[in-house]
$ cat model39.pdb   # PDB, C-alpha atoms
ATOM      1  CA  MET A  59     133.703  99.870  33.202
ATOM      2  CA  ALA A  60     132.695  97.954  30.127
ATOM      3  CA  SER A  61     135.736  95.700  30.065
ATOM      4  CA  PHE A  62     134.906  94.283  33.500
ATOM      5  CA  GLU A  63     131.254  93.493  32.865
ATOM      6  CA  VAL A  64     130.216  89.883  32.996
ATOM      7  CA  LYS A  65     127.521  89.222  30.430
ATOM      8  CA  ASN A  66     125.299  86.215  30.160
ATOM      9  CA  ILE A  67     125.618  84.486  26.816
ATOM     10  CA  ILE A  68     123.737  81.239  27.274
ATOM     11  CA  PRO A  69     121.590  81.139  30.415
ATOM     12  CA  ILE A  70     121.666  77.714  32.044
ATOM     13  CA  HIS A  71     119.805  77.060  35.285
ATOM     14  CA  PHE A  72     120.251  73.734  36.939
ATOM     15  CA  VAL A  73     118.533  72.772  40.217
ATOM     16  CA  GLY A  74     118.544  76.321  41.506
ATOM     17  CA  LEU A  75     122.134  76.988  40.475
ATOM     18  CA  ASP A  76     123.057  79.612  37.942
ATOM     19  CA  LEU A  77     125.465  77.809  35.636
ATOM     20  CA  SER A  78     125.114  80.204  32.732
ATOM     21  CA  LEU A  79     127.833  80.516  30.146
ATOM     22  CA  THR A  80     129.137  84.044  30.599
ATOM     23  CA  ASN A  81     131.815  85.848  28.649
ATOM     24  CA  SER A  82     134.168  85.130  31.544
ATOM     25  CA  SER A  83     133.734  81.383  31.280
ATOM     26  CA  LEU A  84     133.792  81.607  27.503
ATOM     27  CA  TYR A  85     137.228  83.207  27.650
ATOM     28  CA  MET A  86     138.364  80.571  30.124
ATOM     29  CA  LEU A  87     137.304  77.850  27.709
ATOM     30  CA  PHE A  88     139.005  79.731  24.902
ATOM     31  CA  VAL A  89     142.275  79.971  26.839
ATOM     32  CA  VAL A  90     142.184  76.287  27.712
ATOM     33  CA  GLY A  91     141.480  75.522  24.065
ATOM     34  CA  VAL A  92     144.419  77.648  22.918
ATOM     35  CA  ILE A  93     146.751  75.941  25.382
ATOM     36  CA  LEU A  94     145.578  72.486  24.359
ATOM     37  CA  LEU A  95     145.857  73.278  20.669
ATOM     38  CA  PHE A  96     149.327  74.765  21.070
ATOM     39  CA  PHE A  97     150.562  71.763  23.001
ATOM     40  CA  PHE A  98     148.908  69.359  20.596
ATOM     41  CA  ILE A  99     150.629  70.990  17.622
ATOM     42  CA  GLY A 100     153.942  71.290  19.439
ATOM     43  CA  THR A 101     154.142  67.711  20.608
ATOM     44  CA  LYS A 102     152.458  66.025  17.652
ATOM     45  CA  ASP A 103     155.700  64.823  16.114
ATOM     46  CA  ALA A 104     158.020  65.339  19.064
ATOM     47  CA  GLY A 105     161.559  64.411  18.228
ATOM     48  CA  LEU A 106     165.064  64.620  19.555
ATOM     49  CA  VAL A 107     165.620  67.588  17.287
ATOM     50  CA  PRO A 108     162.765  69.867  18.344
ATOM     51  CA  SER A 109     160.669  71.907  15.983
ATOM     52  CA  LYS A 110     160.119  75.602  16.705
ATOM     53  CA  THR A 111     156.898  75.071  18.644
ATOM     54  CA  GLN A 112     158.444  72.232  20.567
ATOM     55  CA  CYS A 113     161.314  74.520  21.531
ATOM     56  CA  ILE A 114     158.905  76.998  23.090
ATOM     57  CA  ILE A 115     157.099  74.252  24.950
ATOM     58  CA  GLU A 116     160.357  72.805  26.267
ATOM     59  CA  LYS A 117     161.486  76.234  27.376
ATOM     60  CA  MET A 118     158.259  76.773  29.356
ATOM     61  CA  PHE A 119     158.512  73.266  30.745
ATOM     62  CA  PHE A 120     161.994  73.830  32.104
ATOM     63  CA  PHE A 121     161.101  77.303  33.350
ATOM     64  CA  ILE A 122     158.340  75.978  35.584
ATOM     65  CA  GLY A 123     160.416  72.918  36.422
ATOM     66  CA  ASP A 124     163.135  75.205  37.745
ATOM     67  CA  ILE A 125     160.652  77.148  39.863
ATOM     68  CA  VAL A 126     159.234  73.981  41.362
ATOM     69  CA  LYS A 127     162.662  72.485  41.982
ATOM     70  CA  THR A 128     164.112  75.548  43.678
ATOM     71  CA  ASN A 129     161.062  76.108  45.874
ATOM     72  CA  ALA A 130     159.941  72.613  46.703
ATOM     73  CA  GLY A 131     163.050  70.493  46.225
ATOM     74  CA  ASP A 132     163.290  67.236  44.363
ATOM     75  CA  ASN A 133     160.398  65.823  46.337
ATOM     76  CA  GLY A 134     158.157  68.601  45.080
ATOM     77  CA  ILE A 135     158.255  67.485  41.475
ATOM     78  CA  LYS A 136     154.811  65.959  42.124
ATOM     79  CA  LEU A 137     153.513  69.508  42.160
ATOM     80  CA  PHE A 138     154.798  70.152  38.669
ATOM     81  CA  PRO A 139     151.641  69.374  36.613
ATOM     82  CA  TYR A 140     149.468  71.544  38.840
ATOM     83  CA  MET A 141     151.916  74.448  38.766
ATOM     84  CA  PHE A 142     152.450  74.184  35.044
ATOM     85  CA  SER A 143     148.756  74.307  34.220
ATOM     86  CA  LEU A 144     148.190  77.066  36.768
ATOM     87  CA  PHE A 145     150.951  79.170  35.246
ATOM     88  CA  LEU A 146     149.735  78.774  31.675
ATOM     89  CA  PHE A 147     146.131  79.454  32.640
ATOM     90  CA  ILE A 148     146.888  82.594  34.622
ATOM     91  CA  CYS A 149     149.482  83.902  32.187
ATOM     92  CA  LEU A 150     147.224  83.552  29.168
ATOM     93  CA  GLY A 151     144.235  84.817  31.112
ATOM     94  CA  ASN A 152     146.153  87.959  32.023
ATOM     95  CA  THR A 153     147.588  88.623  28.604
ATOM     96  CA  ILE A 154     144.343  88.019  26.738
ATOM     97  CA  GLY A 155     142.959  91.122  28.396
ATOM     98  CA  LEU A 156     145.485  93.254  26.522
ATOM     99  CA  PHE A 157     143.737  92.617  23.215
ATOM    100  CA  PRO A 158     141.127  95.201  22.305
ATOM    101  CA  PHE A 159     137.570  94.181  23.184
ATOM    102  CA  ALA A 160     138.819  91.085  24.949
ATOM    103  CA  PHE A 161     137.876  90.190  28.481
ATOM    104  CA  SER A 162     140.488  89.210  31.007
ATOM    105  CA  PHE A 163     138.908  86.745  33.404
ATOM    106  CA  THR A 164     141.592  87.274  36.051
ATOM    107  CA  SER A 165     140.136  90.744  36.553
ATOM    108  CA  GLN A 166     137.250  89.059  38.367
ATOM    109  CA  LEU A 167     137.939  88.645  42.072
ATOM    110  CA  VAL A 168     135.918  85.446  42.179
ATOM    111  CA  VAL A 169     138.219  83.759  39.659
ATOM    112  CA  THR A 170     141.510  84.686  41.294
ATOM    113  CA  PHE A 171     140.162  84.066  44.768
ATOM    114  CA  GLY A 172     138.834  80.705  43.632
ATOM    115  CA  MET A 173     142.250  79.705  42.338
ATOM    116  CA  ALA A 174     143.896  80.943  45.530
ATOM    117  CA  CYS A 175     141.419  78.967  47.641
ATOM    118  CA  LEU A 176     142.156  75.885  45.575
ATOM    119  CA  VAL A 177     145.842  76.272  46.411
ATOM    120  CA  PHE A 178     145.004  76.916  50.067
ATOM    121  CA  ILE A 179     142.727  73.891  50.429
ATOM    122  CA  SER A 180     145.108  71.636  48.577
ATOM    123  CA  SER A 181     147.947  72.792  50.809
ATOM    124  CA  ILE A 182     145.927  71.716  53.844
ATOM    125  CA  VAL A 183     144.985  68.414  52.232
ATOM    126  CA  VAL A 184     148.569  67.742  51.155
ATOM    127  CA  GLY A 185     149.817  68.652  54.630
ATOM    128  CA  ILE A 186     147.424  66.235  56.319
ATOM    129  CA  HIS A 187     148.202  63.572  53.752
ATOM    130  CA  CYS A 188     151.975  63.892  54.216
ATOM    131  CA  ASN A 189     152.174  64.543  57.951
ATOM    132  CA  GLY A 190     148.920  63.260  59.405
ATOM    133  CA  ILE A 191     147.538  65.040  62.428
ATOM    134  CA  ARG A 192     151.020  66.335  63.240
ATOM    135  CA  TYR A 193     150.505  68.857  60.467
ATOM    136  CA  PHE A 194     148.585  71.017  62.925
ATOM    137  CA  LYS A 195     151.609  71.201  65.222
ATOM    138  CA  HIS A 196     152.813  73.714  62.683
ATOM    139  CA  PHE A 197     150.521  76.196  64.458
ATOM    140  CA  CYS A 198     151.875  75.337  67.882
ATOM    141  CA  PRO A 199     155.484  74.121  67.829
ATOM    142  CA  ASP A 200     157.053  72.349  70.790
ATOM    143  CA  GLY A 201     159.176  74.234  73.248
ATOM    144  CA  LEU A 202     157.091  77.369  73.493
ATOM    145  CA  PRO A 203     156.502  78.790  76.956
ATOM    146  CA  GLY A 204     152.912  78.240  78.074
ATOM    147  CA  TYR A 205     151.803  81.836  78.304
ATOM    148  CA  ILE A 206     152.797  82.603  74.719
ATOM    149  CA  ILE A 207     150.942  79.701  73.097
ATOM    150  CA  PRO A 208     147.507  81.396  72.716
ATOM    151  CA  PHE A 209     149.020  84.454  71.049
ATOM    152  CA  PHE A 210     151.237  82.369  68.826
ATOM    153  CA  VAL A 211     148.359  80.172  67.687
ATOM    154  CA  ILE A 212     146.167  83.173  66.935
ATOM    155  CA  VAL A 213     148.872  84.996  65.008
ATOM    156  CA  GLU A 214     149.777  81.880  63.030
ATOM    157  CA  LEU A 215     146.126  81.164  62.258
ATOM    158  CA  VAL A 216     145.512  84.701  61.057
ATOM    159  CA  SER A 217     148.582  84.762  58.850
ATOM    160  CA  PHE A 218     147.693  81.322  57.522
ATOM    161  CA  THR A 219     144.121  82.217  56.630
ATOM    162  CA  PHE A 220     145.224  85.497  55.118
ATOM    163  CA  ARG A 221     147.303  83.663  52.519
ATOM    164  CA  PRO A 222     144.584  82.949  49.938
ATOM    165  CA  VAL A 223     143.216  86.458  50.409
ATOM    166  CA  SER A 224     146.527  88.098  49.621
ATOM    167  CA  LEU A 225     147.238  85.633  46.830
ATOM    168  CA  GLY A 226     143.902  86.285  45.160
ATOM    169  CA  ILE A 227     143.755  90.023  45.700
ATOM    170  CA  ARG A 228     147.293  90.567  44.437
ATOM    171  CA  LEU A 229     146.557  89.068  41.047
ATOM    172  CA  PHE A 230     143.129  90.689  40.802
ATOM    173  CA  ALA A 231     144.360  94.139  41.801
ATOM    174  CA  ASN A 232     147.293  94.055  39.414
ATOM    175  CA  ILE A 233     145.141  93.225  36.436
ATOM    176  CA  VAL A 234     142.355  95.642  37.307
ATOM    177  CA  SER A 235     144.675  98.541  38.075
ATOM    178  CA  GLY A 236     146.502  98.036  34.788
ATOM    179  CA  HIS A 237     143.241  98.170  32.848
ATOM    180  CA  VAL A 238     142.001 101.190  34.762
ATOM    181  CA  MET A 239     145.277 103.017  34.246
ATOM    182  CA  ILE A 240     145.226 102.419  30.494
ATOM    183  CA  LYS A 241     141.632 103.600  30.377
ATOM    184  CA  ILE A 242     142.395 106.783  32.335
ATOM    185  CA  ILE A 243     145.373 107.675  30.147
ATOM    186  CA  ALA A 244     143.307 107.010  27.042
ATOM    187  CA  GLY A 245     140.685 109.330  28.503
ATOM    188  CA  PHE A 246     143.331 112.084  28.626
ATOM    189  CA  ALA A 247     143.995 111.563  24.933
ATOM    190  CA  VAL A 248     140.303 111.878  24.148
ATOM    191  CA  SER A 249     139.886 115.051  26.167
ATOM    192  CA  PHE A 250     143.015 116.582  24.614
ATOM    193  CA  ALA A 251     141.726 115.809  21.130
ATOM    194  CA  GLY A 252     138.409 117.454  22.013
ATOM    195  CA  VAL A 253     140.029 120.868  22.401
ATOM    196  CA  THR A 254     141.129 122.191  19.007
ATOM    197  CA  ALA A 255     144.065 124.221  20.293
ATOM    198  CA  LEU A 256     145.499 121.253  22.173
ATOM    199  CA  SER A 257     144.643 118.408  19.814
ATOM    200  CA  GLY A 258     148.285 117.950  18.863
ATOM    201  CA  PHE A 259     149.178 117.116  22.438
ATOM    202  CA  ALA A 260     146.969 114.034  22.321
ATOM    203  CA  ILE A 261     149.989 112.156  21.008
ATOM    204  CA  ILE A 262     151.612 112.303  24.472
ATOM    205  CA  PRO A 263     149.055 110.169  26.327
ATOM    206  CA  ILE A 264     148.876 107.802  23.367
ATOM    207  CA  ALA A 265     152.645 107.297  23.418
ATOM    208  CA  PHE A 266     152.500 106.812  27.149
ATOM    209  CA  ASN A 267     149.756 104.246  26.671
ATOM    210  CA  VAL A 268     151.965 102.253  24.321
ATOM    211  CA  LEU A 269     154.661 102.148  26.985
ATOM    212  CA  LEU A 270     152.066 101.216  29.568
ATOM    213  CA  ASN A 271     150.909  98.312  27.446
ATOM    214  CA  VAL A 272     154.447  96.943  27.279
ATOM    215  CA  PHE A 273     154.716  97.338  31.042
ATOM    216  CA  LYS A 274     151.375  95.584  31.461
ATOM    217  CA  LEU A 275     152.594  92.661  29.386
ATOM    218  CA  ALA A 276     155.555  92.302  31.744
ATOM    219  CA  VAL A 277     153.282  92.583  34.775
ATOM    220  CA  CYS A 278     150.950  89.907  33.401
ATOM    221  CA  VAL A 279     153.732  87.354  33.100
ATOM    222  CA  LEU A 280     155.308  88.468  36.384
ATOM    223  CA  GLN A 281     152.064  88.081  38.292
ATOM    224  CA  ALA A 282     151.524  84.586  36.935
ATOM    225  CA  TYR A 283     155.117  83.801  37.959
ATOM    226  CA  VAL A 284     154.580  85.215  41.451
ATOM    227  CA  PHE A 285     151.326  83.341  41.888
ATOM    228  CA  VAL A 286     152.982  80.083  40.932
ATOM    229  CA  VAL A 287     156.054  80.675  43.107
ATOM    230  CA  LEU A 288     153.977  81.547  46.150
ATOM    231  CA  SER A 289     151.575  78.645  45.774
ATOM    232  CA  CYS A 290     154.563  76.376  45.227
ATOM    233  CA  MET A 291     156.093  77.656  48.453
ATOM    234  CA  TYR A 292     152.876  77.138  50.410
ATOM    235  CA  LEU A 293     152.408  73.605  49.105
ATOM    236  CA  ALA A 294     156.056  72.708  49.669
ATOM    237  CA  GLU A 295     155.888  74.061  53.191
ATOM    238  CA  SER A 296     152.931  71.908  54.108
ATOM    239  CA  MET A 297     154.540  68.882  52.456
ATOM    240  CA  ALA A 298     157.670  69.299  54.561
ATOM    241  CA  ALA A 299     156.043  70.752  57.659
ATOM    242  CA  MET A 300     157.223  68.161  60.155
ATOM    243  CA  HIS A 301     160.063  66.515  58.316
ATOM    244  CA  GLU A 302     162.679  67.760  60.794
ATOM    245  CA  GLU A 303     161.054  65.880  63.663
ATOM    246  CA  HIS A 304     161.220  62.419  62.091
TER     247      HIS A 304
ATOM    248  CA  MET B 290     131.174 118.906  54.559
ATOM    249  CA  ASP B 291     128.950 116.931  52.274
ATOM    250  CA  ALA B 292     129.437 113.228  51.613
ATOM    251  CA  MET B 293     130.820 113.713  48.113
ATOM    252  CA  ALA B 294     133.708 115.867  49.324
ATOM    253  CA  ALA B 295     134.458 113.420  52.119
ATOM    254  CA  LYS B 296     134.645 110.642  49.554
ATOM    255  CA  PHE B 297     137.253 112.439  47.502
ATOM    256  CA  ILE B 298     139.278 113.375  50.558
ATOM    257  CA  GLY B 299     139.160 109.776  51.731
ATOM    258  CA  GLY B 300     140.316 108.563  48.335
ATOM    259  CA  GLY B 301     143.220 110.975  48.508
ATOM    260  CA  ILE B 302     144.161 109.916  52.021
ATOM    261  CA  SER B 303     144.065 106.237  51.155
ATOM    262  CA  VAL B 304     146.876 106.581  48.621
ATOM    263  CA  ILE B 305     149.249 107.920  51.283
ATOM    264  CA  ALA B 306     150.247 104.257  51.495
ATOM    265  CA  LEU B 307     152.207 104.879  48.299
ATOM    266  CA  PHE B 308     154.705 106.827  50.413
ATOM    267  CA  GLY B 309     155.792 103.647  52.136
ATOM    268  CA  VAL B 310     155.615 101.632  48.950
ATOM    269  CA  GLY B 311     157.936 104.097  47.243
ATOM    270  CA  ILE B 312     160.463 103.825  50.041
ATOM    271  CA  GLY B 313     160.168 100.047  49.990
ATOM    272  CA  LEU B 314     160.640  99.741  46.245
ATOM    273  CA  GLY B 315     163.578 102.112  46.303
ATOM    274  CA  LYS B 316     165.292 100.180  49.059
ATOM    275  CA  LEU B 317     164.535  96.869  47.400
ATOM    276  CA  PHE B 318     165.930  97.800  44.022
ATOM    277  CA  SER B 319     168.908  99.682  45.396
ATOM    278  CA  SER B 320     170.013  96.657  47.362
ATOM    279  CA  LEU B 321     169.212  94.381  44.430
ATOM    280  CA  ILE B 322     171.406  96.405  42.089
ATOM    281  CA  GLU B 323     174.118  96.633  44.705
ATOM    282  CA  SER B 324     174.198  92.908  45.296
ATOM    283  CA  ILE B 325     174.195  92.139  41.577
ATOM    284  CA  ALA B 326     177.069  94.573  41.123
ATOM    285  CA  ARG B 327     178.981  92.868  43.927
ATOM    286  CA  ASN B 328     178.344  89.383  42.677
ATOM    287  CA  PRO B 329     177.188  89.278  39.063
ATOM    288  CA  SER B 330     177.244  85.478  38.965
ATOM    289  CA  ALA B 331     174.351  85.349  41.442
ATOM    290  CA  LYS B 332     172.178  87.504  39.212
ATOM    291  CA  LYS B 333     169.717  84.752  38.299
ATOM    292  CA  ASP B 334     168.840  83.826  41.875
ATOM    293  CA  LEU B 335     168.790  87.427  43.027
ATOM    294  CA  MET B 336     166.496  88.485  40.201
ATOM    295  CA  SER B 337     163.851  85.888  40.981
ATOM    296  CA  THR B 338     163.869  86.716  44.684
ATOM    297  CA  GLY B 339     163.824  90.404  43.860
ATOM    298  CA  LEU B 340     160.869  90.030  41.544
ATOM    299  CA  ILE B 341     158.877  88.157  44.169
ATOM    300  CA  CYS B 342     159.638  90.865  46.716
ATOM    301  CA  PHE B 343     158.700  93.477  44.141
ATOM    302  CA  ALA B 344     155.307  91.874  43.687
ATOM    303  CA  MET B 345     154.825  91.697  47.447
ATOM    304  CA  VAL B 346     155.572  95.391  47.904
ATOM    305  CA  GLU B 347     153.548  96.282  44.841
ATOM    306  CA  SER B 348     150.496  94.518  46.250
ATOM    307  CA  VAL B 349     150.386  96.991  49.136
ATOM    308  CA  ALA B 350     150.129  99.813  46.631
ATOM    309  CA  LEU B 351     147.372  97.970  44.824
ATOM    310  CA  LEU B 352     145.458  97.472  48.057
ATOM    311  CA  ALA B 353     145.584 101.230  48.542
ATOM    312  CA  PHE B 354     144.385 101.629  44.971
ATOM    313  CA  ILE B 355     141.465  99.277  45.629
ATOM    314  CA  VAL B 356     140.513 101.170  48.768
ATOM    315  CA  ALA B 357     140.586 104.417  46.808
ATOM    316  CA  MET B 358     138.470 102.930  44.017
ATOM    317  CA  CYS B 359     135.982 101.537  46.527
ATOM    318  CA  LEU B 360     135.689 104.932  48.181
ATOM    319  CA  LEU B 361     135.204 106.729  44.903
ATOM    320  CA  PHE B 362     132.870 104.393  43.069
ATOM    321  CA  VAL B 363     131.377 101.790  45.388
ATOM    322  CA  VAL B 364     130.560 103.464  48.692
TER     323      VAL B 364
END
$ encode --input "model39.pdb" --output "structure tokens"
Amino acid sequence: MASFEVKNIIPIHFVGLDLSLTNSSLYMLFVVGVILLFFFIGTKDAGLVPSKTQCIIEKMFFFIGDIVKTNAGDNGIKLFPYMFSLFLFICLGNTIGLFPFAFSFTSQLVVTFGMACLVFISSIVVGIHCNGIRYFKHFCPDGLPGYIIPFFVIVELVSFTFRPVSLGIRLFANIVSGHVMIKIIAGFAVSFAGVTALSGFAIIPIAFNVLLNVFKLAVCVLQAYVFVVLSCMYLAESMAAMHEEH
Amino acid sequence: MDAMAAKFIGGGISVIALFGVGIGLGKLFSSLIESIARNPSAKKDLMSTGLICFAMVESVALLAFIVAMCLLFVV
């Protein structure tokens, strides 16, 4: 489908790597620019009595702050900058795809999977940083009977490595399926309008599409929220993995 | 049976997963509504947990969707 095609805009090749500027990366830069501009305007003359833009920014700030605090505790406030930027990036990346002719970069599996892998790797790094080598005891807790250890380790390892996969695919699939659904329903409208006797009925799929767009908007924000909550939970878990044993 | 027909049948079979997803979503939201009705003051916490669970269940449906799309257009 045309809205999922990655096109090369400026081809850049650097020591055998393809670093071309595509429409995907262009939209990423655009989203980052929008976020930066919005925050620059909102916090330019920040005061005790907030302006309208500052109100929105404070609301978002406390929203993510609440998520981080409930999932990771007071200690997890170090995660806040990462989670905040992740949320804004994903949320805007999802919603930008709702504009006509726009490209939603979260509909590329490589983007969502990359972000999920970043969370996964940083959860391992944070776990080793906070707990040292004892972090790996998380896969093999004390007090297990000997015969069950191999199974337990395998099951834990599989569920652990499946995390980034499910995290990435969830976001990707939600965005793609929304786009495909809108396209299919719009196709109904076109084929209804093609038949003269039924052309009046074309209003039904169009009305349904409007509803679907509203639903999609909710899904876009919800998916960004879910992504952030889950990655927050994973990071908090590895931060606190062995705290009980101290 | 030629390969094209098998593709379509496979795509149809792969969305049987929606059966379970429907049951799961129904159960999830029925208990969510019930618990909010029992204790309206806990609505905020319940809603966030419910939404996360909703996304989890929904992702199963989307996996089925992806399998169907792969069968129809990729394979």
$ atom_distance --input "model39.pdb" --atom1 "atom CA of Gly339 of chain B" --atom2 "atom CA of Glu323 of chain B"
12.1 Å
$ closest_atom_pairs --input "model39.pdb" --of "chain B" --to "chain A" --cutoff "10 Å" --atoms "all atoms listed in the file" --output "CSV"
residue,atom,partner,partner_atom,distance
B:Asp334,CA,A:Thr128,CA,9.7
B:Ser337,CA,A:Val284,CA,9.3
B:Thr338,CA,A:Val284,CA,9.9
B:Leu340,CA,A:Leu280,CA,7.7
B:Ile341,CA,A:Val284,CA,5.9
B:Cys342,CA,A:Val284,CA,9.2
B:Phe343,CA,A:Val284,CA,9.6
B:Ala344,CA,A:Val284,CA,7.1
B:Met345,CA,A:Arg228,CA,8.2
B:Glu347,CA,A:Arg228,CA,8.5
B:Ser348,CA,A:Arg228,CA,5.4
B:Val349,CA,A:Arg228,CA,8.5
B:Ala350,CA,A:Ala231,CA,9.4
B:Leu351,CA,A:Ala231,CA,5.7
B:Leu352,CA,A:Ala231,CA,7.2
B:Ala353,CA,A:Ala231,CA,9.9
B:Phe354,CA,A:Ser235,CA,7.6
B:Ile355,CA,A:Ala231,CA,7.0
B:Met358,CA,A:Ser235,CA,9.6
$ axis_aligned_box --input "model39.pdb" --around "segment 295-311 of chain B" --padding-each-side "4 Å" --output "AutoDock Vina command-line options"
--center_x 146.2 --center_y 107.5 --center_z 49.7 --size_x 31.5 --size_y 19.8 --size_z 12.9
$ residues_around --input "model39.pdb" --residues "Ile302 of chain B" --least-positions-apart "5" --cutoff "12 Å" --atoms "all atoms listed in the file" --output "NGL selection string"
:B and (295-297 or 307-308 or 353-354 or 356-357 or 360-361)
$ write_last_selection --input "model39.pdb" --atoms "C-alpha atoms" --output "PDB file, in the frame of the given file"
ATOM      1  CA  ALA B 295     134.458 113.420  52.119  1.00  0.00           C
ATOM      2  CA  LYS B 296     134.645 110.642  49.554  1.00  0.00           C
ATOM      3  CA  PHE B 297     137.253 112.439  47.502  1.00  0.00           C
ATOM      4  CA  LEU B 307     152.207 104.879  48.299  1.00  0.00           C
ATOM      5  CA  PHE B 308     154.705 106.827  50.413  1.00  0.00           C
ATOM      6  CA  ALA B 353     145.584 101.230  48.542  1.00  0.00           C
ATOM      7  CA  PHE B 354     144.385 101.629  44.971  1.00  0.00           C
ATOM      8  CA  VAL B 356     140.513 101.170  48.768  1.00  0.00           C
ATOM      9  CA  ALA B 357     140.586 104.417  46.808  1.00  0.00           C
ATOM     10  CA  LEU B 360     135.689 104.932  48.181  1.00  0.00           C
ATOM     11  CA  LEU B 361     135.204 106.729  44.903  1.00  0.00           C
TER      12      LEU B 361
END
$ residues_around --input "model39.pdb" --residues "segment 245-249 of chain A" --least-positions-apart "6" --cutoff "7 Å" --atoms "all atoms listed in the file" --output "NGL selection string"
:A and (260 or 263-264)
$ residues_around --input "model39.pdb" --residues "Phe161 of chain A" --least-positions-apart "4" --cutoff "8 Å" --atoms "all atoms listed in the file" --output "ChimeraX atom specification"
/A:61-62,81-82,85,154-155
$ atom_distance --input "model39.pdb" --atom1 "atom CA of Lys241 of chain A" --atom2 "atom CA of Pro158 of chain A"
11.7 Å
$ atom_distance --input "model39.pdb" --atom1 "atom CA of Met173 of chain A" --atom2 "atom CA of Val304 of chain B"
28.0 Å
$ residues_around --input "model39.pdb" --residues "Ser181 of chain A" --least-positions-apart "5" --cutoff "10 Å" --atoms "only C-alpha atoms" --output "list in words"
Cys175, Leu176, Ile186, His187, Ser289, Cys290, Met291, Tyr292, Leu293, Ala294, Glu295, Ser296 and Met297 of chain A
$ residues_around --input "model39.pdb" --residues "segment 115-118 of chain A" --least-positions-apart "3" --cutoff "8 Å" --atoms "only C-alpha atoms" --output "short mmCIF file (atom, residue, chain, number, x, y, z; two decimals) with C-alpha atoms, in the frame of the given file"
data_model
loop_
_atom_site.label_atom_id
_atom_site.label_comp_id
_atom_site.auth_asym_id
_atom_site.auth_seq_id
_atom_site.Cartn_x
_atom_site.Cartn_y
_atom_site.Cartn_z
CA PHE A 97 150.56 71.76 23.00
CA GLY A 100 153.94 71.29 19.44
CA THR A 111 156.90 75.07 18.64
CA GLN A 112 158.44 72.23 20.57
CA PHE A 121 161.10 77.30 33.35
CA ILE A 122 158.34 75.98 35.58
#
$ resolve_selection --input "model39.pdb" --expression "the PyMOL selection byres ((chain A and resi 67) around 12)" --output "PDB file with C-alpha atoms, in the coordinates of the input"
ATOM      1  CA  VAL A  64     130.216  89.883  32.996  1.00  0.00           C
ATOM      2  CA  LYS A  65     127.521  89.222  30.430  1.00  0.00           C
ATOM      3  CA  ASN A  66     125.299  86.215  30.160  1.00  0.00           C
ATOM      4  CA  ILE A  68     123.737  81.239  27.274  1.00  0.00           C
ATOM      5  CA  PRO A  69     121.590  81.139  30.415  1.00  0.00           C
ATOM      6  CA  ILE A  70     121.666  77.714  32.044  1.00  0.00           C
ATOM      7  CA  LEU A  77     125.465  77.809  35.636  1.00  0.00           C
ATOM      8  CA  SER A  78     125.114  80.204  32.732  1.00  0.00           C
ATOM      9  CA  LEU A  79     127.833  80.516  30.146  1.00  0.00           C
ATOM     10  CA  THR A  80     129.137  84.044  30.599  1.00  0.00           C
ATOM     11  CA  ASN A  81     131.815  85.848  28.649  1.00  0.00           C
ATOM     12  CA  SER A  82     134.168  85.130  31.544  1.00  0.00           C
ATOM     13  CA  SER A  83     133.734  81.383  31.280  1.00  0.00           C
ATOM     14  CA  LEU A  84     133.792  81.607  27.503  1.00  0.00           C
ATOM     15  CA  TYR A  85     137.228  83.207  27.650  1.00  0.00           C
TER      16      TYR A  85
END
$ closest_residue --input "model39.pdb" --among "A:Val223, A:Ile240, A:Phe210, A:His196" --to "Thr170 of chain A" --atoms "all atoms listed in the file"
A:Val223
$ resolve_selection --input "model39.pdb" --expression "the PyMOL selection byres ((chain A and resi 146-151) around 8)" --output "list in words"
Tyr85, Met86, Val89, Val90, Ile93, Phe142, Ser143, Leu144, Phe145, Asn152, Thr153, Ile154, Gly155, Ser162, Phe163, Thr164, Cys278, Val279, Gln281 and Ala282 of chain A
$ build_atoms --input "model39.pdb" --residues "segment 200-207 of chain A" --atoms "N, CA and C atoms" --output "PDB file, in the coordinates of the input"
ATOM      1  N   ASP A 200     156.602  72.720  69.447  1.00  0.00           N
ATOM      2  CA  ASP A 200     157.053  72.349  70.790  1.00  0.00           C
ATOM      3  C   ASP A 200     158.022  73.399  71.320  1.00  0.00           C
ATOM      4  N   GLY A 201     158.152  73.402  72.634  1.00  0.00           N
ATOM      5  CA  GLY A 201     159.176  74.234  73.248  1.00  0.00           C
ATOM      6  C   GLY A 201     158.801  75.687  73.417  1.00  0.00           C
ATOM      7  N   LEU A 202     157.520  75.992  73.240  1.00  0.00           N
ATOM      8  CA  LEU A 202     157.091  77.369  73.493  1.00  0.00           C
ATOM      9  C   LEU A 202     156.690  77.489  74.952  1.00  0.00           C
ATOM     10  N   PRO A 203     157.004  78.593  75.602  1.00  0.00           N
ATOM     11  CA  PRO A 203     156.502  78.790  76.956  1.00  0.00           C
ATOM     12  C   PRO A 203     154.980  78.890  76.959  1.00  0.00           C
ATOM     13  N   GLY A 204     154.357  78.394  78.037  1.00  0.00           N
ATOM     14  CA  GLY A 204     152.912  78.240  78.074  1.00  0.00           C
ATOM     15  C   GLY A 204     152.135  79.515  77.838  1.00  0.00           C
ATOM     16  N   TYR A 205     152.602  80.615  78.400  1.00  0.00           N
ATOM     17  CA  TYR A 205     151.803  81.836  78.304  1.00  0.00           C
ATOM     18  C   TYR A 205     151.769  82.406  76.892  1.00  0.00           C
ATOM     19  N   ILE A 206     152.728  81.994  76.048  1.00  0.00           N
ATOM     20  CA  ILE A 206     152.797  82.603  74.719  1.00  0.00           C
ATOM     21  C   ILE A 206     151.997  81.813  73.696  1.00  0.00           C
ATOM     22  N   ILE A 207     151.593  80.582  74.068  1.00  0.00           N
ATOM     23  CA  ILE A 207     150.942  79.701  73.097  1.00  0.00           C
ATOM     24  C   ILE A 207     149.673  80.305  72.498  1.00  0.00           C
TER      25      ILE A 207
END
